[in-house]
Amino acid sequence: MKTNTTKYRVKAGEKIKLKNFDTTYKGHLEKQTGKVELAIVKENLDQFQEVFYAANSNALLIIFQAMDAAGKDSTIEHVMSGLNPQGCQVFSFKTPTAEEYDHDFLWRHYKALPERGRIGIHNRSHYESVLVCKVHPEYVLNERLPDYDNLDKIDHGFWKRRYESIRNFERHLTENGITVLKFFLHVSKDEQKKRFLKRIENPAKNWKFSSNDVKERAFWDKYMNAYEDAISETSTDYAPWYVIPADKKWYARLAVSQVIAETLEQMNLKFPVLSDDEKRKLDATKQALLAEK
């Protein structure tokens with residue numbers, strides 16, 4: 001049963017409210033059926049990626065953003081399991097280093113872009129600069145921007161210009177052969193609480209839990225506002241956002257995989273065709289191999 005993935009896509013210019021997106025949505029699917037569907041989509045992904053890699057003309061950048069415990073890591077793991085690692089790369093972005101703070105906020109992300117024929121996955125991304133930095137504007141001061149030496153100067157205009165920088169960056173990427181897909185894994189506050197408790201109660205999951213996660217949870221409403229603004233300002237026809245219901249991890253994985261598969265399919269790429277001269281050389285090589293004793 002093919003899911004209509006357009007329901008997750010945020011239209012360009014649309015002002016969203018995340019409360020209007022159901023985090024528990026799973027359509028008419030049940031978990032076991034969803035797993036079967038995911039296996040089918042992963043087979044298709046493998047086929048599409050083979051052509052994508054061979055064509056060596058396009059690149060695909062997949063961005064994951066979410067609140068803590070929304071399932072970014074596991075979704076990436078499941079998506080990647082259907083792809084050839086030779087044609088993929090994953091980058092996870094933490095707090096900027098001293099070197100990264102010495103450059104503009106897009107620098108470290110530009111360095112991590114996929115080359116032609118490859119799929120790049122960014123676990124968190126340049127959007128942290130309009131998400132966590134908007135919730136905690138004091139972090140912007142670490143960038144030492146010439147005209148922003150105190151919090152009072154980080155106003156509405158500052159964020160509008162940063163959104164514009166992001167839109168321009170993503171337009172530049174798409175105009176140079178990099179398709180951009182952006183996923184927000186939308187988990188509810190109640191579900192996040194359940195997952196935090198599981199991490200605490202299960203010794204094998206303790207390493208995934210940080211007390212800082214709970215501290216950030218206290219800013220939940222501010223984060224929701226920041227996500228609404230960022231998604232509304234930067235979902236474009238050339239680099240769309242998809243708000244994926246993530247309370248059920250199995251469904252989030254299926255939905256993400258379907259969007260990626262559809263995107264690769266719509267590229268309509270073909271295997272490279274050899275020139276007549278290359279075909280003659282290939283035939284000569286074949287005859288030489290057949291003639292071996």
# chains A, B, ... in the order shown; residues from 1 in each chain; ligands from 1

$ select_by_dssp --residues "region 105-159 of chain A" --states "strand (DSSP E)" --output "list of chain:residue names"
A:Ile119, A:Gly120, A:Ile121, A:His122, A:Asn123

$ residues_around --residues "region 60-71 of chain A" --least-positions-apart "6" --cutoff "8 Å" --atoms "only C-alpha atoms" --output "MDAnalysis selection string"
chainID A and resid 113:114 118:125 127 178:187 192 195:196 213 246:247 249

$ write_last_selection --atoms "C-alpha atoms" --output "PDB file, in the first residue's frame"
ATOM      1  CA  LEU A 113      28.314  18.095   1.119  1.00  0.00           C
ATOM      2  CA  PRO A 114      28.085  14.899  -0.968  1.00  0.00           C
ATOM      3  CA  ARG A 118      26.593  10.057  -3.643  1.00  0.00           C
ATOM      4  CA  ILE A 119      23.926  10.478  -0.988  1.00  0.00           C
ATOM      5  CA  GLY A 120      24.845  12.628   1.996  1.00  0.00           C
ATOM      6  CA  ILE A 121      22.933  12.439   5.271  1.00  0.00           C
ATOM      7  CA  HIS A 122      23.241  15.213   7.836  1.00  0.00           C
ATOM      8  CA  ASN A 123      22.178  14.328  11.370  1.00  0.00           C
ATOM      9  CA  ARG A 124      21.364  17.845  12.514  1.00  0.00           C
ATOM     10  CA  SER A 125      22.523  20.523  10.142  1.00  0.00           C
ATOM     11  CA  TYR A 127      19.380  24.543  10.842  1.00  0.00           C
ATOM     12  CA  ILE A 178      22.442  18.646  -5.325  1.00  0.00           C
ATOM     13  CA  THR A 179      18.857  17.710  -4.501  1.00  0.00           C
ATOM     14  CA  VAL A 180      17.939  18.707  -0.929  1.00  0.00           C
ATOM     15  CA  LEU A 181      15.402  16.828   1.214  1.00  0.00           C
ATOM     16  CA  LYS A 182      14.679  18.008   4.750  1.00  0.00           C
ATOM     17  CA  PHE A 183      12.906  15.874   7.348  1.00  0.00           C
ATOM     18  CA  PHE A 184      11.563  17.010  10.689  1.00  0.00           C
ATOM     19  CA  LEU A 185      10.765  13.929  12.768  1.00  0.00           C
ATOM     20  CA  HIS A 186       7.788  15.199  14.735  1.00  0.00           C
ATOM     21  CA  VAL A 187       7.540  13.470  18.113  1.00  0.00           C
ATOM     22  CA  GLN A 192       9.702  11.877  24.260  1.00  0.00           C
ATOM     23  CA  ARG A 195      11.624   7.264  25.470  1.00  0.00           C
ATOM     24  CA  PHE A 196      13.728   9.145  28.006  1.00  0.00           C
ATOM     25  CA  ASP A 213      18.288  16.413  27.265  1.00  0.00           C
ATOM     26  CA  ALA A 246       7.415  10.067  14.588  1.00  0.00           C
ATOM     27  CA  ASP A 247       5.624   8.706  17.643  1.00  0.00           C
ATOM     28  CA  LYS A 249       9.283   4.772  14.799  1.00  0.00           C
TER      29      LYS A 249
END

$ residues_around --residues "Glu14 (chain A)" --least-positions-apart "3" --cutoff "7 Å" --atoms "only C-alpha atoms" --output "ChimeraX atom specification"
/A:10-11,232

$ closest_residue --among "A:Tyr223, A:Lys198, A:Val256, A:Thr234" --to "His136 (chain A)" --atoms "only C-alpha atoms"
A:Tyr223

$ closest_residue --among "A:Lys160, A:Arg116, A:Arg144, A:Arg167" --to "Ala12 (chain A)" --atoms "only C-alpha atoms"
A:Arg167

$ select_by_dssp --residues "region 15-212 of chain A" --states "alpha helix (DSSP H)" --output "count of residues only"
81

$ residues_around --residues "region 19-33 of chain A" --least-positions-apart "6" --cutoff "10 Å" --atoms "only C-alpha atoms" --output "PyMOL selection string"
chain A and resi 1+3-4+7-8+185-189+191+224+228+243-252+254-255

$ write_last_selection --atoms "N, CA, C and O atoms" --output "tab-separated table (two decimals), in the first residue's frame"
chain	number	residue	atom	x	y	z
A	1	MET	N	0.85	-1.19	0.00
A	1	MET	CA	0.00	0.00	0.00
A	1	MET	C	0.89	1.25	0.00
A	1	MET	O	1.60	1.52	0.96
A	3	THR	N	2.00	4.96	0.35
A	3	THR	CA	1.56	6.12	1.14
A	3	THR	C	1.65	7.38	0.29
A	3	THR	O	2.58	7.56	-0.50
A	4	ASN	N	0.70	8.27	0.46
A	4	ASN	CA	0.73	9.56	-0.22
A	4	ASN	C	1.67	10.48	0.55
A	4	ASN	O	1.29	11.09	1.54
A	7	LYS	N	1.38	14.48	1.78
A	7	LYS	CA	0.72	14.96	2.99
A	7	LYS	C	1.74	15.48	4.01
A	7	LYS	O	1.40	16.26	4.90
A	8	TYR	N	2.98	15.04	3.91
A	8	TYR	CA	4.02	15.47	4.86
A	8	TYR	C	4.75	16.72	4.38
A	8	TYR	O	5.43	17.38	5.15
A	185	LEU	N	11.43	15.06	12.12
A	185	LEU	CA	10.77	13.93	12.77
A	185	LEU	C	9.98	14.48	13.95
A	185	LEU	O	10.56	14.86	14.97
A	186	HIS	N	8.67	14.51	13.79
A	186	HIS	CA	7.79	15.20	14.73
A	186	HIS	C	7.29	14.24	15.82
A	186	HIS	O	6.38	13.44	15.61
A	187	VAL	N	7.91	14.32	16.99
A	187	VAL	CA	7.54	13.47	18.11
A	187	VAL	C	6.81	14.32	19.15
A	187	VAL	O	7.09	15.52	19.30
A	188	SER	N	5.87	13.71	19.85
A	188	SER	CA	5.14	14.45	20.87
A	188	SER	C	5.96	14.54	22.16
A	188	SER	O	6.88	13.76	22.38
A	189	LYS	N	5.59	15.48	23.00
A	189	LYS	CA	6.29	15.65	24.28
A	189	LYS	C	6.08	14.44	25.17
A	189	LYS	O	7.01	13.99	25.87
A	191	GLU	N	5.57	11.32	24.17
A	191	GLU	CA	6.36	10.20	23.64
A	191	GLU	C	7.84	10.40	23.96
A	191	GLU	O	8.54	9.43	24.28
A	224	MET	N	9.37	24.41	19.64
A	224	MET	CA	8.29	24.25	18.66
A	224	MET	C	8.11	25.53	17.85
A	224	MET	O	7.93	25.49	16.63
A	228	GLU	N	8.66	25.87	13.85
A	228	GLU	CA	7.60	26.41	12.99
A	228	GLU	C	8.12	27.54	12.12
A	228	GLU	O	7.85	27.59	10.91
A	243	VAL	N	7.32	17.12	7.29
A	243	VAL	CA	7.04	16.91	8.71
A	243	VAL	C	6.53	15.48	8.85
A	243	VAL	O	5.42	15.15	8.43
A	244	ILE	N	7.37	14.62	9.44
A	244	ILE	CA	7.09	13.20	9.52
A	244	ILE	C	6.56	12.82	10.90
A	244	ILE	O	7.22	13.09	11.92
A	245	PRO	N	5.37	12.21	11.00
A	245	PRO	CA	4.88	11.75	12.31
A	245	PRO	C	5.82	10.70	12.87
A	245	PRO	O	6.11	9.70	12.22
A	246	ALA	N	6.33	10.91	14.08
A	246	ALA	CA	7.42	10.07	14.59
A	246	ALA	C	7.14	9.39	15.92
A	246	ALA	O	8.06	8.81	16.52
A	247	ASP	N	5.91	9.43	16.40
A	247	ASP	CA	5.62	8.71	17.64
A	247	ASP	C	5.75	7.20	17.45
A	247	ASP	O	6.03	6.46	18.40
A	248	LYS	N	5.52	6.74	16.24
A	248	LYS	CA	5.71	5.33	15.90
A	248	LYS	C	6.93	5.24	14.98
A	248	LYS	O	6.86	5.61	13.81
A	249	LYS	N	8.03	4.76	15.54
A	249	LYS	CA	9.28	4.77	14.80
A	249	LYS	C	9.19	4.01	13.48
A	249	LYS	O	9.76	4.43	12.48
A	250	TRP	N	8.49	2.88	13.49
A	250	TRP	CA	8.40	2.07	12.28
A	250	TRP	C	7.73	2.85	11.15
A	250	TRP	O	8.11	2.71	9.98
A	251	TYR	N	6.76	3.68	11.50
A	251	TYR	CA	6.07	4.44	10.46
A	251	TYR	C	6.95	5.59	9.95
A	251	TYR	O	6.98	5.87	8.74
A	252	ALA	N	7.67	6.24	10.85
A	252	ALA	CA	8.57	7.32	10.45
A	252	ALA	C	9.62	6.79	9.47
A	252	ALA	O	9.92	7.44	8.46
A	254	LEU	N	9.38	4.23	7.46
A	254	LEU	CA	8.71	3.93	6.19
A	254	LEU	C	8.46	5.20	5.40
A	254	LEU	O	8.75	5.27	4.20
A	255	ALA	N	7.92	6.22	6.06
A	255	ALA	CA	7.59	7.46	5.37
A	255	ALA	C	8.83	8.13	4.79
A	255	ALA	O	8.83	8.58	3.63

$ decode --residues "region 219-248 of chain A" --atoms "N, CA, C and O atoms" --output "PDB file, in the first residue's frame"
ATOM      1  N   PHE A 219      12.424  23.725  27.467  1.00  0.00           N
ATOM      2  CA  PHE A 219      12.235  24.781  26.472  1.00  0.00           C
ATOM      3  C   PHE A 219      11.368  24.287  25.309  1.00  0.00           C
ATOM      4  O   PHE A 219      11.430  24.834  24.208  1.00  0.00           O
ATOM      5  N   TRP A 220      10.583  23.256  25.541  1.00  0.00           N
ATOM      6  CA  TRP A 220       9.822  22.603  24.473  1.00  0.00           C
ATOM      7  C   TRP A 220       9.029  23.594  23.615  1.00  0.00           C
ATOM      8  O   TRP A 220       9.108  23.575  22.380  1.00  0.00           O
ATOM      9  N   ASP A 221       8.264  24.445  24.247  1.00  0.00           N
ATOM     10  CA  ASP A 221       7.422  25.390  23.495  1.00  0.00           C
ATOM     11  C   ASP A 221       8.263  26.329  22.640  1.00  0.00           C
ATOM     12  O   ASP A 221       7.896  26.644  21.492  1.00  0.00           O
ATOM     13  N   LYS A 222       9.386  26.767  23.181  1.00  0.00           N
ATOM     14  CA  LYS A 222      10.263  27.649  22.402  1.00  0.00           C
ATOM     15  C   LYS A 222      10.844  26.907  21.203  1.00  0.00           C
ATOM     16  O   LYS A 222      10.990  27.480  20.112  1.00  0.00           O
ATOM     17  N   TYR A 223      11.169  25.646  21.397  1.00  0.00           N
ATOM     18  CA  TYR A 223      11.686  24.853  20.275  1.00  0.00           C
ATOM     19  C   TYR A 223      10.602  24.674  19.216  1.00  0.00           C
ATOM     20  O   TYR A 223      10.886  24.747  18.004  1.00  0.00           O
ATOM     21  N   MET A 224       9.374  24.411  19.639  1.00  0.00           N
ATOM     22  CA  MET A 224       8.294  24.251  18.662  1.00  0.00           C
ATOM     23  C   MET A 224       8.112  25.529  17.847  1.00  0.00           C
ATOM     24  O   MET A 224       7.925  25.488  16.629  1.00  0.00           O
ATOM     25  N   ASN A 225       8.190  26.655  18.511  1.00  0.00           N
ATOM     26  CA  ASN A 225       8.071  27.937  17.799  1.00  0.00           C
ATOM     27  C   ASN A 225       9.228  28.124  16.824  1.00  0.00           C
ATOM     28  O   ASN A 225       9.039  28.597  15.693  1.00  0.00           O
ATOM     29  N   ALA A 226      10.430  27.746  17.270  1.00  0.00           N
ATOM     30  CA  ALA A 226      11.602  27.892  16.408  1.00  0.00           C
ATOM     31  C   ALA A 226      11.498  26.986  15.182  1.00  0.00           C
ATOM     32  O   ALA A 226      11.836  27.388  14.064  1.00  0.00           O
ATOM     33  N   TYR A 227      11.017  25.768  15.390  1.00  0.00           N
ATOM     34  CA  TYR A 227      10.829  24.853  14.263  1.00  0.00           C
ATOM     35  C   TYR A 227       9.752  25.376  13.306  1.00  0.00           C
ATOM     36  O   TYR A 227       9.915  25.309  12.078  1.00  0.00           O
ATOM     37  N   GLU A 228       8.660  25.866  13.847  1.00  0.00           N
ATOM     38  CA  GLU A 228       7.596  26.406  12.991  1.00  0.00           C
ATOM     39  C   GLU A 228       8.119  27.542  12.125  1.00  0.00           C
ATOM     40  O   GLU A 228       7.850  27.592  10.914  1.00  0.00           O
ATOM     41  N   ASP A 229       8.885  28.439  12.719  1.00  0.00           N
ATOM     42  CA  ASP A 229       9.434  29.568  11.963  1.00  0.00           C
ATOM     43  C   ASP A 229      10.427  29.092  10.903  1.00  0.00           C
ATOM     44  O   ASP A 229      10.371  29.524   9.746  1.00  0.00           O
ATOM     45  N   ALA A 230      11.335  28.202  11.305  1.00  0.00           N
ATOM     46  CA  ALA A 230      12.369  27.735  10.374  1.00  0.00           C
ATOM     47  C   ALA A 230      11.764  26.980   9.195  1.00  0.00           C
ATOM     48  O   ALA A 230      12.148  27.189   8.035  1.00  0.00           O
ATOM     49  N   ILE A 231      10.821  26.084   9.479  1.00  0.00           N
ATOM     50  CA  ILE A 231      10.197  25.293   8.414  1.00  0.00           C
ATOM     51  C   ILE A 231       9.369  26.195   7.498  1.00  0.00           C
ATOM     52  O   ILE A 231       9.431  26.086   6.267  1.00  0.00           O
ATOM     53  N   SER A 232       8.606  27.105   8.088  1.00  0.00           N
ATOM     54  CA  SER A 232       7.778  28.012   7.288  1.00  0.00           C
ATOM     55  C   SER A 232       8.623  28.918   6.408  1.00  0.00           C
ATOM     56  O   SER A 232       8.268  29.200   5.259  1.00  0.00           O
ATOM     57  N   GLU A 233       9.744  29.372   6.930  1.00  0.00           N
ATOM     58  CA  GLU A 233      10.593  30.316   6.196  1.00  0.00           C
ATOM     59  C   GLU A 233      11.448  29.637   5.124  1.00  0.00           C
ATOM     60  O   GLU A 233      11.861  30.291   4.162  1.00  0.00           O
ATOM     61  N   THR A 234      11.722  28.353   5.281  1.00  0.00           N
ATOM     62  CA  THR A 234      12.723  27.733   4.391  1.00  0.00           C
ATOM     63  C   THR A 234      12.227  26.519   3.631  1.00  0.00           C
ATOM     64  O   THR A 234      13.023  25.868   2.942  1.00  0.00           O
ATOM     65  N   SER A 235      10.944  26.185   3.719  1.00  0.00           N
ATOM     66  CA  SER A 235      10.422  25.120   2.866  1.00  0.00           C
ATOM     67  C   SER A 235      10.130  25.737   1.513  1.00  0.00           C
ATOM     68  O   SER A 235       9.281  26.625   1.385  1.00  0.00           O
ATOM     69  N   THR A 236      10.840  25.295   0.507  1.00  0.00           N
ATOM     70  CA  THR A 236      10.741  25.868  -0.831  1.00  0.00           C
ATOM     71  C   THR A 236      10.452  24.763  -1.840  1.00  0.00           C
ATOM     72  O   THR A 236      10.553  23.575  -1.530  1.00  0.00           O
ATOM     73  N   ASP A 237      10.121  25.168  -3.063  1.00  0.00           N
ATOM     74  CA  ASP A 237       9.890  24.179  -4.112  1.00  0.00           C
ATOM     75  C   ASP A 237      11.170  23.399  -4.423  1.00  0.00           C
ATOM     76  O   ASP A 237      11.106  22.230  -4.779  1.00  0.00           O
ATOM     77  N   TYR A 238      12.325  24.059  -4.261  1.00  0.00           N
ATOM     78  CA  TYR A 238      13.592  23.409  -4.606  1.00  0.00           C
ATOM     79  C   TYR A 238      14.226  22.674  -3.428  1.00  0.00           C
ATOM     80  O   TYR A 238      15.083  21.810  -3.627  1.00  0.00           O
ATOM     81  N   ALA A 239      13.826  22.985  -2.206  1.00  0.00           N
ATOM     82  CA  ALA A 239      14.376  22.302  -1.026  1.00  0.00           C
ATOM     83  C   ALA A 239      13.273  22.183   0.024  1.00  0.00           C
ATOM     84  O   ALA A 239      13.243  22.926   1.007  1.00  0.00           O
ATOM     85  N   PRO A 240      12.346  21.241  -0.164  1.00  0.00           N
ATOM     86  CA  PRO A 240      11.167  21.152   0.706  1.00  0.00           C
ATOM     87  C   PRO A 240      11.442  20.518   2.065  1.00  0.00           C
ATOM     88  O   PRO A 240      12.350  19.711   2.231  1.00  0.00           O
ATOM     89  N   TRP A 241      10.608  20.902   3.016  1.00  0.00           N
ATOM     90  CA  TRP A 241      10.569  20.251   4.324  1.00  0.00           C
ATOM     91  C   TRP A 241       9.447  19.216   4.333  1.00  0.00           C
ATOM     92  O   TRP A 241       8.379  19.438   3.757  1.00  0.00           O
ATOM     93  N   TYR A 242       9.703  18.106   5.022  1.00  0.00           N
ATOM     94  CA  TYR A 242       8.681  17.091   5.266  1.00  0.00           C
ATOM     95  C   TYR A 242       8.537  16.923   6.771  1.00  0.00           C
ATOM     96  O   TYR A 242       9.531  16.650   7.470  1.00  0.00           O
ATOM     97  N   VAL A 243       7.324  17.115   7.286  1.00  0.00           N
ATOM     98  CA  VAL A 243       7.042  16.908   8.706  1.00  0.00           C
ATOM     99  C   VAL A 243       6.534  15.479   8.850  1.00  0.00           C
ATOM    100  O   VAL A 243       5.423  15.147   8.428  1.00  0.00           O
ATOM    101  N   ILE A 244       7.368  14.624   9.445  1.00  0.00           N
ATOM    102  CA  ILE A 244       7.088  13.197   9.516  1.00  0.00           C
ATOM    103  C   ILE A 244       6.561  12.817  10.904  1.00  0.00           C
ATOM    104  O   ILE A 244       7.223  13.085  11.916  1.00  0.00           O
ATOM    105  N   PRO A 245       5.370  12.212  10.999  1.00  0.00           N
ATOM    106  CA  PRO A 245       4.877  11.753  12.309  1.00  0.00           C
ATOM    107  C   PRO A 245       5.820  10.699  12.871  1.00  0.00           C
ATOM    108  O   PRO A 245       6.106   9.696  12.218  1.00  0.00           O
ATOM    109  N   ALA A 246       6.326  10.911  14.084  1.00  0.00           N
ATOM    110  CA  ALA A 246       7.415  10.067  14.588  1.00  0.00           C
ATOM    111  C   ALA A 246       7.144   9.389  15.922  1.00  0.00           C
ATOM    112  O   ALA A 246       8.056   8.811  16.516  1.00  0.00           O
ATOM    113  N   ASP A 247       5.914   9.429  16.400  1.00  0.00           N
ATOM    114  CA  ASP A 247       5.624   8.706  17.643  1.00  0.00           C
ATOM    115  C   ASP A 247       5.752   7.201  17.453  1.00  0.00           C
ATOM    116  O   ASP A 247       6.034   6.462  18.401  1.00  0.00           O
ATOM    117  N   LYS A 248       5.517   6.742  16.236  1.00  0.00           N
ATOM    118  CA  LYS A 248       5.705   5.325  15.897  1.00  0.00           C
ATOM    119  C   LYS A 248       6.928   5.244  14.985  1.00  0.00           C
ATOM    120  O   LYS A 248       6.864   5.615  13.811  1.00  0.00           O
TER     121      LYS A 248
END
